[in-house]
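*Asks:* What follows is work.txt; its format and atoms are compact mmCIF, C-alpha atoms and all ligand atoms.
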```
# COMPACT_ATOMS: atom_id res chain seq x y z
CA MET A 106 0.00 0.00 0.00
CA ARG A 107 2.09 2.90 -1.27
CA GLN A 108 2.71 5.76 1.10
CA ALA A 109 0.91 3.82 3.83
CA GLY A 110 3.95 4.66 5.90
CA ARG A 111 3.24 8.34 6.05
CA SER A 112 -0.01 7.96 8.02
CA LEU A 113 1.60 5.91 10.80
CA PRO A 114 2.73 7.63 14.04
CA GLU A 115 5.90 5.48 14.11
CA TYR A 116 6.84 6.86 10.67
CA ARG A 117 6.16 10.43 11.70
CA ALA A 118 8.29 9.92 14.81
CA LEU A 119 11.23 8.86 12.63
CA ARG A 120 10.59 11.81 10.27
CA GLU A 121 11.09 14.23 13.20
CA LYS A 122 14.74 13.14 13.19
CA HIS A 123 15.40 12.41 9.49
CA SER A 124 14.27 13.77 6.15
CA MET A 125 12.36 11.47 3.80
CA LEU A 126 15.41 11.24 1.50
CA GLU A 127 17.73 10.43 4.42
CA ILE A 128 15.46 7.55 5.38
CA ALA A 129 15.26 6.27 1.81
CA ARG A 130 19.05 6.43 1.41
CA THR A 131 19.82 4.61 4.66
CA PRO A 132 18.98 0.90 4.27
CA GLU A 133 18.52 0.25 8.03
CA LEU A 134 16.00 3.11 8.29
CA ALA A 135 14.32 2.33 4.96
CA THR A 136 13.94 -1.32 5.96
CA GLU A 137 12.40 -0.34 9.29
CA VAL A 138 9.92 2.05 7.62
CA SER A 139 9.01 -0.55 4.95
CA LEU A 140 8.19 -3.01 7.73
CA GLN A 141 6.03 -0.61 9.77
CA PRO A 142 2.82 -1.10 7.74
CA VAL A 143 3.35 -4.87 7.76
CA ARG A 144 3.59 -4.90 11.56
CA ARG A 145 0.84 -2.42 12.32
CA LEU A 146 -1.65 -3.21 9.54
CA GLY A 147 -0.97 -6.84 8.68
CA VAL A 148 -0.72 -6.23 4.92
CA ASP A 149 0.49 -9.11 2.72
CA ALA A 150 3.35 -7.22 1.09
CA ALA A 151 5.97 -4.64 2.00
CA ILE A 152 6.75 -1.97 -0.57
CA VAL A 153 10.36 -0.84 -0.45
CA PHE A 154 10.61 2.64 1.08
CA ALA A 155 11.88 4.83 -1.72
CA ASP A 156 10.36 7.42 -4.03
CA ILE A 157 9.76 7.42 -7.75
CA THR A 158 12.03 10.47 -8.07
CA LEU A 159 15.12 8.83 -6.49
CA PRO A 160 16.70 7.85 -9.85
CA LEU A 161 16.59 11.44 -11.18
CA PRO A 162 20.01 12.68 -9.93
CA GLY A 163 21.66 9.59 -11.45
CA MET A 164 20.19 10.66 -14.80
CA GLY A 165 21.56 14.18 -14.43
CA VAL A 166 18.42 15.76 -12.94
CA PRO A 167 18.84 16.86 -9.29
CA PHE A 168 15.69 17.50 -7.27
CA GLU A 169 14.49 18.29 -3.78
CA LEU A 170 11.50 16.98 -1.85
CA THR A 171 9.70 20.05 -0.61
CA GLU A 172 7.35 19.77 2.37
CA GLY A 173 3.74 20.03 1.26
CA VAL A 174 4.63 20.02 -2.48
CA GLY A 175 6.56 16.86 -3.28
CA PRO A 176 9.44 16.59 -5.74
CA VAL A 177 10.72 19.92 -7.12
CA ILE A 178 13.31 20.11 -9.93
CA GLU A 179 15.13 23.41 -10.21
CA HIS A 180 16.22 22.91 -13.83
CA PRO A 181 13.46 21.03 -15.65
CA VAL A 182 14.18 19.14 -18.89
CA ARG A 183 12.71 21.13 -21.78
CA THR A 184 15.21 21.81 -24.57
CA GLU A 185 17.41 19.85 -27.02
CA ALA A 186 20.40 20.58 -24.79
CA ASP A 187 18.53 19.40 -21.66
CA VAL A 188 17.62 16.09 -23.30
CA ALA A 189 21.13 15.63 -24.74
CA ALA A 190 22.55 16.05 -21.23
CA LEU A 191 20.43 13.20 -19.80
CA ARG A 192 22.27 9.99 -18.90
CA VAL A 193 20.97 6.43 -18.71
CA LEU A 194 20.90 5.52 -15.02
CA ARG A 195 23.54 3.15 -13.63
CA PRO A 196 21.58 1.99 -10.59
CA GLU A 197 24.43 0.11 -8.86
CA GLU A 198 26.42 3.36 -8.80
CA ALA A 199 23.62 5.88 -8.33
CA LEU A 200 21.32 4.16 -5.81
CA PRO A 201 22.84 0.91 -4.53
CA TYR A 202 20.98 1.55 -1.26
CA VAL A 203 17.65 0.55 -2.86
CA GLY A 204 19.07 -2.90 -3.67
CA GLU A 205 20.48 -3.14 -0.13
CA THR A 206 17.11 -2.25 1.39
CA ILE A 207 15.36 -4.90 -0.71
CA ARG A 208 17.91 -7.52 0.38
CA ALA A 209 17.49 -6.54 4.03
CA LEU A 210 13.70 -6.54 3.68
CA ARG A 211 13.70 -9.98 2.07
CA SER A 212 15.47 -11.43 5.07
CA ASN A 213 13.30 -9.55 7.58
CA VAL A 214 9.72 -9.89 6.32
CA PRO A 215 7.56 -12.45 8.10
CA ALA A 216 6.96 -15.72 6.20
CA GLY A 217 4.36 -15.27 3.47
CA VAL A 218 4.90 -11.52 3.13
CA ASP A 219 6.20 -10.40 -0.26
CA VAL A 220 8.51 -7.52 -1.10
CA ILE A 221 7.45 -5.15 -3.87
CA GLY A 222 10.03 -3.14 -5.77
CA PHE A 223 8.90 -0.18 -7.85
CA ALA A 224 9.75 2.64 -10.22
CA ALA A 225 7.84 5.36 -12.01
CA ALA A 226 6.46 4.50 -15.42
CA PRO A 227 8.18 6.52 -18.16
CA PHE A 228 5.33 9.02 -18.56
CA THR A 229 5.02 9.83 -14.87
CA LEU A 230 8.78 10.29 -14.37
CA ALA A 231 9.06 12.34 -17.56
CA SER A 232 6.18 14.54 -16.44
CA TYR A 233 8.10 15.53 -13.27
CA MET A 234 11.24 16.11 -15.35
CA VAL A 235 9.48 18.41 -17.81
CA GLU A 236 7.04 20.20 -15.49
CA GLY A 237 9.59 20.48 -12.68
CA ARG A 238 6.98 19.45 -10.10
CA GLY A 239 3.53 17.91 -9.88
CA SER A 240 1.04 19.39 -12.35
CA ARG A 241 -2.69 19.54 -12.91
CA ASP A 242 -2.82 20.14 -16.64
CA PHE A 243 0.57 18.87 -17.89
CA ALA A 244 0.68 21.80 -20.31
CA ARG A 245 4.48 21.74 -20.76
CA VAL A 246 4.51 17.97 -21.23
CA LYS A 247 1.82 18.20 -23.88
CA ALA A 248 3.55 21.15 -25.54
CA MET A 249 6.67 18.99 -25.90
CA MET A 250 4.78 15.94 -27.16
CA LEU A 251 2.98 17.92 -29.83
CA GLY A 252 5.65 20.50 -30.64
CA ALA A 253 8.80 18.38 -30.51
CA PRO A 254 7.75 14.74 -30.82
CA ASP A 255 11.27 13.55 -31.70
CA LEU A 256 12.68 15.21 -28.62
CA TRP A 257 9.90 13.73 -26.49
CA HIS A 258 10.58 10.21 -27.79
CA ARG A 259 14.34 10.55 -27.25
CA MET A 260 13.77 11.69 -23.68
CA MET A 261 11.33 8.82 -23.09
CA ALA A 262 13.85 6.32 -24.50
CA THR A 263 16.48 7.45 -21.95
CA VAL A 264 13.91 7.36 -19.16
CA SER A 265 12.76 3.86 -20.19
CA ALA A 266 16.31 2.48 -20.40
CA SER A 267 16.95 3.90 -16.91
CA THR A 268 13.77 2.37 -15.52
CA ILE A 269 14.63 -1.03 -16.97
CA ALA A 270 18.10 -0.97 -15.37
CA TYR A 271 16.68 0.23 -12.06
CA LEU A 272 13.97 -2.44 -11.88
CA ARG A 273 16.40 -5.18 -12.96
CA MET A 274 18.58 -4.25 -10.00
CA GLN A 275 15.54 -4.53 -7.72
CA ALA A 276 14.58 -7.93 -9.14
CA GLU A 277 18.16 -9.17 -8.67
CA ALA A 278 18.08 -7.92 -5.08
CA GLY A 279 15.07 -10.19 -4.45
CA ALA A 280 11.91 -8.17 -5.13
CA ASP A 281 8.98 -10.61 -5.45
CA ALA A 282 7.04 -8.26 -7.74
CA LEU A 283 7.78 -5.04 -9.61
CA GLN A 284 5.28 -2.20 -9.76
CA LEU A 285 5.41 0.55 -12.36
CA PHE A 286 3.66 3.70 -11.07
CA ASP A 287 1.93 5.66 -13.82
CA SER A 288 0.16 7.92 -11.35
CA TRP A 289 -0.54 10.76 -13.78
CA VAL A 290 -1.17 8.92 -17.06
CA GLY A 291 -4.92 9.51 -16.70
CA ALA A 292 -4.20 13.06 -17.90
CA LEU A 293 -3.91 11.66 -21.43
CA GLY A 294 -6.56 10.60 -23.90
CA PRO A 295 -6.23 7.24 -25.67
CA ARG A 296 -4.76 8.76 -28.84
CA ASP A 297 -1.88 10.47 -27.06
CA TYR A 298 -1.32 7.46 -24.83
CA ALA A 299 -0.98 5.21 -27.86
CA GLU A 300 1.37 7.56 -29.70
CA PHE A 301 3.55 9.11 -27.01
CA VAL A 302 3.59 6.72 -24.08
CA GLN A 303 2.62 3.17 -24.92
CA PRO A 304 5.70 2.24 -27.00
CA HIS A 305 7.93 3.16 -24.06
CA THR A 306 5.87 1.48 -21.35
CA ARG A 307 5.72 -1.64 -23.51
CA ALA A 308 9.48 -1.61 -23.94
CA VAL A 309 9.90 -1.52 -20.15
CA PHE A 310 7.54 -4.45 -19.53
CA ALA A 311 9.01 -6.46 -22.42
CA ALA A 312 12.54 -6.04 -21.04
CA LEU A 313 11.46 -7.08 -17.54
CA ARG A 314 9.37 -10.09 -18.55
CA GLY A 315 10.53 -13.14 -16.63
CA THR A 316 12.26 -11.24 -13.80
CA ALA A 317 9.22 -11.01 -11.46
CA PRO A 318 5.44 -10.50 -11.74
CA LEU A 319 4.79 -7.04 -13.21
CA ILE A 320 2.13 -4.62 -11.92
CA HIS A 321 1.03 -1.59 -13.97
CA PHE A 322 -0.42 1.03 -11.62
CA GLY A 323 -2.37 4.00 -12.96
CA THR A 324 -5.13 6.37 -11.89
CA GLY A 325 -7.88 7.86 -14.02
CA THR A 326 -7.22 5.15 -16.62
CA ALA A 327 -10.80 3.97 -17.30
CA THR A 328 -10.61 5.06 -20.94
CA LEU A 329 -7.03 3.75 -21.38
CA LEU A 330 -7.60 0.19 -20.16
CA PRO A 331 -8.30 -1.27 -23.63
CA LEU A 332 -4.81 -0.06 -24.61
CA MET A 333 -3.09 -0.90 -21.32
CA ARG A 334 -4.36 -4.45 -21.67
CA ALA A 335 -1.68 -5.08 -24.30
CA ASP A 336 1.22 -3.32 -22.56
CA GLY A 337 2.74 -6.48 -21.10
CA ALA A 338 1.97 -6.31 -17.37
CA ASP A 339 0.62 -9.30 -15.44
CA VAL A 340 -1.52 -7.13 -13.15
CA VAL A 341 -3.22 -3.80 -13.89
CA SER A 342 -4.11 -1.56 -10.96
CA VAL A 343 -7.30 0.49 -11.33
CA ASP A 344 -8.78 3.26 -9.22
CA TRP A 345 -12.32 3.78 -7.92
CA ARG A 346 -13.47 5.75 -10.96
CA ILE A 347 -14.35 2.47 -12.69
CA GLY A 348 -16.14 -0.58 -11.32
CA LEU A 349 -14.01 -3.70 -11.02
CA GLY A 350 -16.34 -5.73 -13.28
CA ASP A 351 -16.18 -3.07 -16.00
CA ALA A 352 -12.40 -2.90 -15.70
CA TRP A 353 -12.19 -6.66 -16.12
CA SER A 354 -14.35 -6.60 -19.26
CA LEU A 355 -11.96 -4.02 -20.76
CA LEU A 356 -8.80 -5.85 -19.69
CA GLY A 357 -9.96 -9.39 -20.47
CA PRO A 358 -9.81 -12.52 -18.33
CA ASP A 359 -6.06 -13.11 -18.63
CA LEU A 360 -4.94 -10.17 -16.53
CA ALA A 361 -5.09 -9.87 -12.77
CA ILE A 362 -6.47 -6.65 -11.27
CA GLN A 363 -5.34 -4.63 -8.26
CA GLY A 364 -7.68 -2.20 -6.56
CA ASN A 365 -9.78 -0.29 -6.10
CA LEU A 366 -11.17 1.24 -2.90
CA ASP A 367 -11.28 5.05 -2.84
CA PRO A 368 -8.67 6.08 -0.23
CA ALA A 369 -10.94 8.96 0.82
CA ALA A 370 -13.66 6.43 1.70
CA LEU A 371 -11.53 5.54 4.74
CA PHE A 372 -12.58 8.89 6.25
CA GLY A 373 -16.19 7.64 6.30
CA PRO A 374 -17.69 5.47 9.05
CA TRP A 375 -16.44 1.87 9.23
CA GLU A 376 -19.84 0.50 8.12
CA ALA A 377 -19.59 2.41 4.82
CA VAL A 378 -15.99 1.27 4.31
CA ARG A 379 -17.04 -2.33 4.93
CA VAL A 380 -19.90 -2.15 2.42
CA ARG A 381 -17.58 -0.78 -0.27
CA ALA A 382 -14.87 -3.30 0.45
CA ASP A 383 -17.43 -6.11 0.25
CA GLU A 384 -18.65 -4.84 -3.12
CA ILE A 385 -15.10 -4.97 -4.47
CA LEU A 386 -14.50 -8.43 -3.02
CA ALA A 387 -17.82 -9.71 -4.42
CA ASP A 388 -16.97 -8.29 -7.87
CA ALA A 389 -13.64 -10.09 -7.79
CA ALA A 390 -14.93 -13.37 -6.35
CA GLY A 391 -14.34 -16.38 -8.56
CA ARG A 392 -11.91 -14.58 -10.86
CA PRO A 393 -8.28 -15.56 -10.86
CA GLY A 394 -5.94 -12.85 -9.68
CA HIS A 395 -7.24 -10.00 -7.58
CA ILE A 396 -5.02 -7.95 -5.27
CA PHE A 397 -7.24 -6.00 -2.90
CA ASN A 398 -5.85 -2.50 -2.57
CA LEU A 399 -6.78 1.14 -2.52
CA GLY A 400 -7.13 2.87 -5.88
CA HIS A 401 -4.40 5.36 -4.90
CA GLY A 402 -2.08 6.02 -1.95
CA VAL A 403 -3.19 6.31 1.66
CA LEU A 404 -4.14 9.95 2.33
CA PRO A 405 -2.41 11.82 5.15
CA GLY A 406 -4.60 11.80 8.25
CA THR A 407 -6.07 8.36 7.54
CA SER A 408 -6.75 6.47 10.77
CA PRO A 409 -4.32 3.55 11.18
CA ASP A 410 -7.05 1.71 13.09
CA GLN A 411 -9.45 2.03 10.15
CA LEU A 412 -6.71 0.68 7.84
CA ALA A 413 -5.93 -2.25 10.17
CA ARG A 414 -9.62 -3.06 10.41
CA LEU A 415 -9.92 -3.06 6.63
CA VAL A 416 -6.95 -5.41 6.22
CA ALA A 417 -8.39 -7.81 8.82
CA HIS A 418 -11.80 -7.66 7.13
CA VAL A 419 -10.36 -8.50 3.71
CA HIS A 420 -8.41 -11.41 5.18
CA GLU A 421 -11.54 -12.80 6.86
CA TRP A 422 -13.88 -12.28 3.91
CA ARG A 423 -15.35 -15.39 2.23
CA PRO A 424 -17.71 -15.41 -0.78
CA ARG A 425 -21.33 -16.20 0.05
CA SER A 426 -22.20 -19.69 -1.13
O1 LIG A 501 4.38 3.40 1.86
C1 LIG A 501 5.32 4.08 1.48
O2 LIG A 501 5.62 5.14 2.07
C2 LIG A 501 6.11 3.60 0.27
C3 LIG A 501 7.16 4.45 -0.29
C4 LIG A 501 6.78 5.44 -1.39
C5 LIG A 501 6.25 5.17 -2.67
C6 LIG A 501 5.82 3.83 -3.22
C7 LIG A 501 6.98 6.85 -1.33
C8 LIG A 501 7.55 7.58 -0.16
N1 LIG A 501 6.65 7.41 -2.55
C9 LIG A 501 6.18 6.41 -3.39
C10 LIG A 501 5.75 6.53 -4.79
C11 LIG A 501 5.44 7.87 -5.36
N2 LIG A 501 6.05 9.08 -5.12
C12 LIG A 501 4.48 8.08 -6.39
C13 LIG A 501 3.70 6.97 -7.06
C14 LIG A 501 2.56 6.51 -6.25
C15 LIG A 501 1.40 7.48 -6.07
O3 LIG A 501 0.85 7.96 -7.06
O4 LIG A 501 1.06 7.72 -4.90
C16 LIG A 501 4.48 9.45 -6.70
C17 LIG A 501 3.62 10.15 -7.71
C18 LIG A 501 5.47 10.07 -5.89
C19 LIG A 501 5.89 11.49 -5.91
C20 LIG A 501 5.77 12.10 -4.57
N3 LIG A 501 6.69 11.89 -3.56
C21 LIG A 501 4.75 12.90 -4.06
C22 LIG A 501 3.50 13.34 -4.86
C23 LIG A 501 3.64 14.75 -5.31
C24 LIG A 501 2.63 15.14 -6.40
O5 LIG A 501 3.08 15.44 -7.51
O6 LIG A 501 1.41 15.14 -6.11
C25 LIG A 501 5.06 13.21 -2.73
C26 LIG A 501 4.28 14.06 -1.78
C27 LIG A 501 6.30 12.55 -2.42
C28 LIG A 501 7.03 12.52 -1.11
C29 LIG A 501 6.90 11.21 -0.40
N4 LIG A 501 7.39 10.03 -0.90
C30 LIG A 501 7.15 9.00 -0.01
C31 LIG A 501 6.49 9.58 1.15
C32 LIG A 501 6.11 8.81 2.38
C33 LIG A 501 6.34 10.95 0.89
C34 LIG A 501 5.63 11.93 1.84
C35 LIG A 501 6.47 12.97 2.41
C36 LIG A 501 7.41 12.68 3.54
O7 LIG A 501 7.39 11.74 4.33
O8 LIG A 501 8.23 13.59 3.73
```
Can you present the structure in this file as structure tokens?
Ligand code: 1CP
*Replies:*
Amino acid sequence: MRQAGRSLPEYRALREKHSMLEIARTPELATEVSLQPVRRLGVDAAIVFADITLPLPGMGVPFELTEGVGPVIEHPVRTEADVAALRVLRPEEALPYVGETIRALRSNVPAGVDVIGFAAAPFTLASYMVEGRGSRDFARVKAMMLGAPDLWHRMMATVSASTIAYLRMQAEAGADALQLFDSWVGALGPRDYAEFVQPHTRAVFAALRGTAPLIHFGTGTATLLPLMRADGADVVSVDWRIGLGDAWSLLGPDLAIQGNLDPAALFGPWEAVRVRADEILADAAGRPGHIFNLGHGVLPGTSPDQLARLVAHVHEWRPRS
């Protein structure tokens, strides 16, 4: 459950002493934080504590994590010269600590708990590089796609090659599954997805096939699922904007689905959370391959007790006969 850590008091206590980047870059601390949601909530997998932006400096793009904003890049990638200056990431040199954390996690998770490695999907990482920070409209990204398509594709090729190397390192370190976060891809219509993004995402999945099960996470993707179906992931993660049954009809029976409770629903009363969770579980019942999850990250301020109750409820749930 990505960013589950940030809602836990034990994470916030550690954050009083260390910055988020310090924690991510120190395997002992990162391992501890990755294990916190497993201990407190009883989830079935630990996601390595890192951030999608960690590979950026190793590609020649320094950034800072700014409180209340997220990743901020002082010199965004926008021109021919900016793209020419990008380097393909060498993960063992640039962020060996992520591999070390995964190795430490593997030997510290309780039996039956899996370790998930992750990276940004090419579009989502490129959108931070070009916009310089999170965006609502992705105007600069779209200006580059439409105005300088060659430049866009060259940038995406470097990003994809970096992502492949980074995820290979994580698989070699022992990650049981690899998740590609395309958090902002829902900003695109199907035409632009097919032309500007899909070839690169496909290249990443094709290169990683056989290393570990592959999860393609996105939000706002209801209209993109017929395309994403053929991108090469084993599991597609959907958010609450589409019903699970509808998502399955678009993706076909061969893909597993992850999702899709609205994280904001956790602010409602437990009874309402339970009803929604049961609807998701009933929709998935009898189909092979469902990972119960939220449709996006845990929101700050979410009650850990409500989360723990949800996890226990999902574990106890049985289909009605
Ligand atoms: O449970 C965990 O904490 C797992 C570790 C983790 C993961 C999987 C973090 C730590 N970040 C991520 C992925 C991530 N980072 C995504 C993809 C998943 C998603 O959509 O939620 C994205 C888009 C980011 C970028 C990012 N990093 C943001 C969003 C900014 C925006 O543009 O809206 C923010 C706020 C961060 C900082 C961050 N990373 C992680 C945490 C716990 C935090 C919170 C801040 C902190 O503790 O200082």
*Asks:* Neighbours of ligand LIG 501 (chain A) within 9 Å, counting all atoms listed in the file, as a ChimeraX atom specification?
*Replies:* /A:106-112,116-117,120,124-126,129,138-139,142,151-158,170-177,222-225,229-230,233,238-241,284-289,322-324,401-403,405
*Asks:* Keeping only C-alpha atoms, write the selected residues as a PDB file, in the frame of the given file.
*Replies:*
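selection_22.pdb written:
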```
ATOM      1  CA  MET A 106       0.000   0.000   0.000  1.00  0.00           C
ATOM      2  CA  ARG A 107       2.090   2.900  -1.270  1.00  0.00           C
ATOM      3  CA  GLN A 108       2.710   5.760   1.100  1.00  0.00           C
ATOM      4  CA  ALA A 109       0.910   3.820   3.830  1.00  0.00           C
ATOM      5  CA  GLY A 110       3.950   4.660   5.900  1.00  0.00           C
ATOM      6  CA  ARG A 111       3.240   8.340   6.050  1.00  0.00           C
ATOM      7  CA  SER A 112      -0.010   7.960   8.020  1.00  0.00           C
ATOM      8  CA  TYR A 116       6.840   6.860  10.670  1.00  0.00           C
ATOM      9  CA  ARG A 117       6.160  10.430  11.700  1.00  0.00           C
ATOM     10  CA  ARG A 120      10.590  11.810  10.270  1.00  0.00           C
ATOM     11  CA  SER A 124      14.270  13.770   6.150  1.00  0.00           C
ATOM     12  CA  MET A 125      12.360  11.470   3.800  1.00  0.00           C
ATOM     13  CA  LEU A 126      15.410  11.240   1.500  1.00  0.00           C
ATOM     14  CA  ALA A 129      15.260   6.270   1.810  1.00  0.00           C
ATOM     15  CA  VAL A 138       9.920   2.050   7.620  1.00  0.00           C
ATOM     16  CA  SER A 139       9.010  -0.550   4.950  1.00  0.00           C
ATOM     17  CA  PRO A 142       2.820  -1.100   7.740  1.00  0.00           C
ATOM     18  CA  ALA A 151       5.970  -4.640   2.000  1.00  0.00           C
ATOM     19  CA  ILE A 152       6.750  -1.970  -0.570  1.00  0.00           C
ATOM     20  CA  VAL A 153      10.360  -0.840  -0.450  1.00  0.00           C
ATOM     21  CA  PHE A 154      10.610   2.640   1.080  1.00  0.00           C
ATOM     22  CA  ALA A 155      11.880   4.830  -1.720  1.00  0.00           C
ATOM     23  CA  ASP A 156      10.360   7.420  -4.030  1.00  0.00           C
ATOM     24  CA  ILE A 157       9.760   7.420  -7.750  1.00  0.00           C
ATOM     25  CA  THR A 158      12.030  10.470  -8.070  1.00  0.00           C
ATOM     26  CA  LEU A 170      11.500  16.980  -1.850  1.00  0.00           C
ATOM     27  CA  THR A 171       9.700  20.050  -0.610  1.00  0.00           C
ATOM     28  CA  GLU A 172       7.350  19.770   2.370  1.00  0.00           C
ATOM     29  CA  GLY A 173       3.740  20.030   1.260  1.00  0.00           C
ATOM     30  CA  VAL A 174       4.630  20.020  -2.480  1.00  0.00           C
ATOM     31  CA  GLY A 175       6.560  16.860  -3.280  1.00  0.00           C
ATOM     32  CA  PRO A 176       9.440  16.590  -5.740  1.00  0.00           C
ATOM     33  CA  VAL A 177      10.720  19.920  -7.120  1.00  0.00           C
ATOM     34  CA  GLY A 222      10.030  -3.140  -5.770  1.00  0.00           C
ATOM     35  CA  PHE A 223       8.900  -0.180  -7.850  1.00  0.00           C
ATOM     36  CA  ALA A 224       9.750   2.640 -10.220  1.00  0.00           C
ATOM     37  CA  ALA A 225       7.840   5.360 -12.010  1.00  0.00           C
ATOM     38  CA  THR A 229       5.020   9.830 -14.870  1.00  0.00           C
ATOM     39  CA  LEU A 230       8.780  10.290 -14.370  1.00  0.00           C
ATOM     40  CA  TYR A 233       8.100  15.530 -13.270  1.00  0.00           C
ATOM     41  CA  ARG A 238       6.980  19.450 -10.100  1.00  0.00           C
ATOM     42  CA  GLY A 239       3.530  17.910  -9.880  1.00  0.00           C
ATOM     43  CA  SER A 240       1.040  19.390 -12.350  1.00  0.00           C
ATOM     44  CA  ARG A 241      -2.690  19.540 -12.910  1.00  0.00           C
ATOM     45  CA  GLN A 284       5.280  -2.200  -9.760  1.00  0.00           C
ATOM     46  CA  LEU A 285       5.410   0.550 -12.360  1.00  0.00           C
ATOM     47  CA  PHE A 286       3.660   3.700 -11.070  1.00  0.00           C
ATOM     48  CA  ASP A 287       1.930   5.660 -13.820  1.00  0.00           C
ATOM     49  CA  SER A 288       0.160   7.920 -11.350  1.00  0.00           C
ATOM     50  CA  TRP A 289      -0.540  10.760 -13.780  1.00  0.00           C
ATOM     51  CA  PHE A 322      -0.420   1.030 -11.620  1.00  0.00           C
ATOM     52  CA  GLY A 323      -2.370   4.000 -12.960  1.00  0.00           C
ATOM     53  CA  THR A 324      -5.130   6.370 -11.890  1.00  0.00           C
ATOM     54  CA  HIS A 401      -4.400   5.360  -4.900  1.00  0.00           C
ATOM     55  CA  GLY A 402      -2.080   6.020  -1.950  1.00  0.00           C
ATOM     56  CA  VAL A 403      -3.190   6.310   1.660  1.00  0.00           C
ATOM     57  CA  PRO A 405      -2.410  11.820   5.150  1.00  0.00           C
TER      58      PRO A 405
END
```
*Asks:* Any idea what the distance is between CA of Ser342 (chain A) and CA of Gly364 (chain A)?
*Replies:*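 Between CA of Ser342 (chain A) and CA of Gly364 (chain A) the gap works out to 5.7 Å.
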*Asks:* Can you work out the spacing between CA of Leu415 (chain A) and CA of Val148 (chain A) in Å, to one decimal?
*Replies:* 9.9 Å
*Asks:* Would you work out the distance separating CA of Ala413 (chain A) from CA of Val143 (chain A), expressed in Å to one decimal?
*Replies:*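 These atoms are spaced 9.9 Å apart.
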*Asks:* Select, from A:Val290, A:Ile221, A:Leu329, A:Val203, the residue with the minimum atom-to-atom distance to Ala317 (chain A), counting all atoms listed in the file.
*Replies:* A:Ile221
*Asks:* Show me as a ChimeraX atom specification the residues that reach within 12 Å of (-9.5, -4.7, 6.2), counting only C-alpha atoms and using the file's own coordinates.
*Replies:* /A:146-149,366,371,375-376,378-383,386,397-399,409-422
*Asks:* Find the residues around region 261-271 of chain A up to 10 Å (all atoms listed in the file counted), leave out those fewer than 5 positions away in its own chain, and share them as an mmCIF file with C-alpha atoms, keeping the file's coordinate frame.
*Replies:*
```cif
data_model
loop_
_atom_site.group_PDB
_atom_site.id
_atom_site.type_symbol
_atom_site.label_atom_id
_atom_site.label_comp_id
_atom_site.auth_asym_id
_atom_site.auth_seq_id
_atom_site.Cartn_x
_atom_site.Cartn_y
_atom_site.Cartn_z
ATOM 1 C CA PRO A 160 16.700 7.850 -9.850
ATOM 2 C CA LEU A 161 16.590 11.440 -11.180
ATOM 3 C CA GLY A 163 21.660 9.590 -11.450
ATOM 4 C CA MET A 164 20.190 10.660 -14.800
ATOM 5 C CA VAL A 188 17.620 16.090 -23.300
ATOM 6 C CA ALA A 189 21.130 15.630 -24.740
ATOM 7 C CA LEU A 191 20.430 13.200 -19.800
ATOM 8 C CA ARG A 192 22.270 9.990 -18.900
ATOM 9 C CA VAL A 193 20.970 6.430 -18.710
ATOM 10 C CA LEU A 194 20.900 5.520 -15.020
ATOM 11 C CA ARG A 195 23.540 3.150 -13.630
ATOM 12 C CA PRO A 196 21.580 1.990 -10.590
ATOM 13 C CA GLU A 197 24.430 0.110 -8.860
ATOM 14 C CA ALA A 199 23.620 5.880 -8.330
ATOM 15 C CA LEU A 200 21.320 4.160 -5.810
ATOM 16 C CA PRO A 201 22.840 0.910 -4.530
ATOM 17 C CA VAL A 203 17.650 0.550 -2.860
ATOM 18 C CA GLY A 204 19.070 -2.900 -3.670
ATOM 19 C CA GLY A 222 10.030 -3.140 -5.770
ATOM 20 C CA PHE A 223 8.900 -0.180 -7.850
ATOM 21 C CA ALA A 224 9.750 2.640 -10.220
ATOM 22 C CA ALA A 225 7.840 5.360 -12.010
ATOM 23 C CA ALA A 226 6.460 4.500 -15.420
ATOM 24 C CA PRO A 227 8.180 6.520 -18.160
ATOM 25 C CA PHE A 228 5.330 9.020 -18.560
ATOM 26 C CA LEU A 230 8.780 10.290 -14.370
ATOM 27 C CA ALA A 231 9.060 12.340 -17.560
ATOM 28 C CA MET A 234 11.240 16.110 -15.350
ATOM 29 C CA ASP A 255 11.270 13.550 -31.700
ATOM 30 C CA LEU A 256 12.680 15.210 -28.620
ATOM 31 C CA ALA A 276 14.580 -7.930 -9.140
ATOM 32 C CA LEU A 285 5.410 0.550 -12.360
ATOM 33 C CA PHE A 301 3.550 9.110 -27.010
ATOM 34 C CA VAL A 302 3.590 6.720 -24.080
ATOM 35 C CA PRO A 304 5.700 2.240 -27.000
ATOM 36 C CA HIS A 305 7.930 3.160 -24.060
ATOM 37 C CA THR A 306 5.870 1.480 -21.350
ATOM 38 C CA ARG A 307 5.720 -1.640 -23.510
ATOM 39 C CA ALA A 308 9.480 -1.610 -23.940
ATOM 40 C CA VAL A 309 9.900 -1.520 -20.150
ATOM 41 C CA PHE A 310 7.540 -4.450 -19.530
ATOM 42 C CA ALA A 311 9.010 -6.460 -22.420
ATOM 43 C CA ALA A 312 12.540 -6.040 -21.040
ATOM 44 C CA LEU A 313 11.460 -7.080 -17.540
#
```
*Asks:* If we count all atoms listed in the file, what is near Gly325 (chain A) at a cut-off of 10 Å, once residues fewer than 3 positions away on the same chain are taken out, given as a VMD selection string?
*Replies:* chain A and resid 288 to 293 328 to 330 343 to 347 400
*Asks:* My list of candidates is A:Ala377, A:Leu319, A:Val214, A:Leu332. Which is closest to Ala361 (chain A) when distances are computed with all atoms listed in the file?
*Replies:*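 Closest candidate: A:Leu319.
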*Asks:* Considering only C-alpha atoms, state which residue in the set A:Ala338, A:Leu159, A:Ile128, A:Ala390 is at the smallest distance from Thr206 (chain A).
*Replies:* A:Ile128
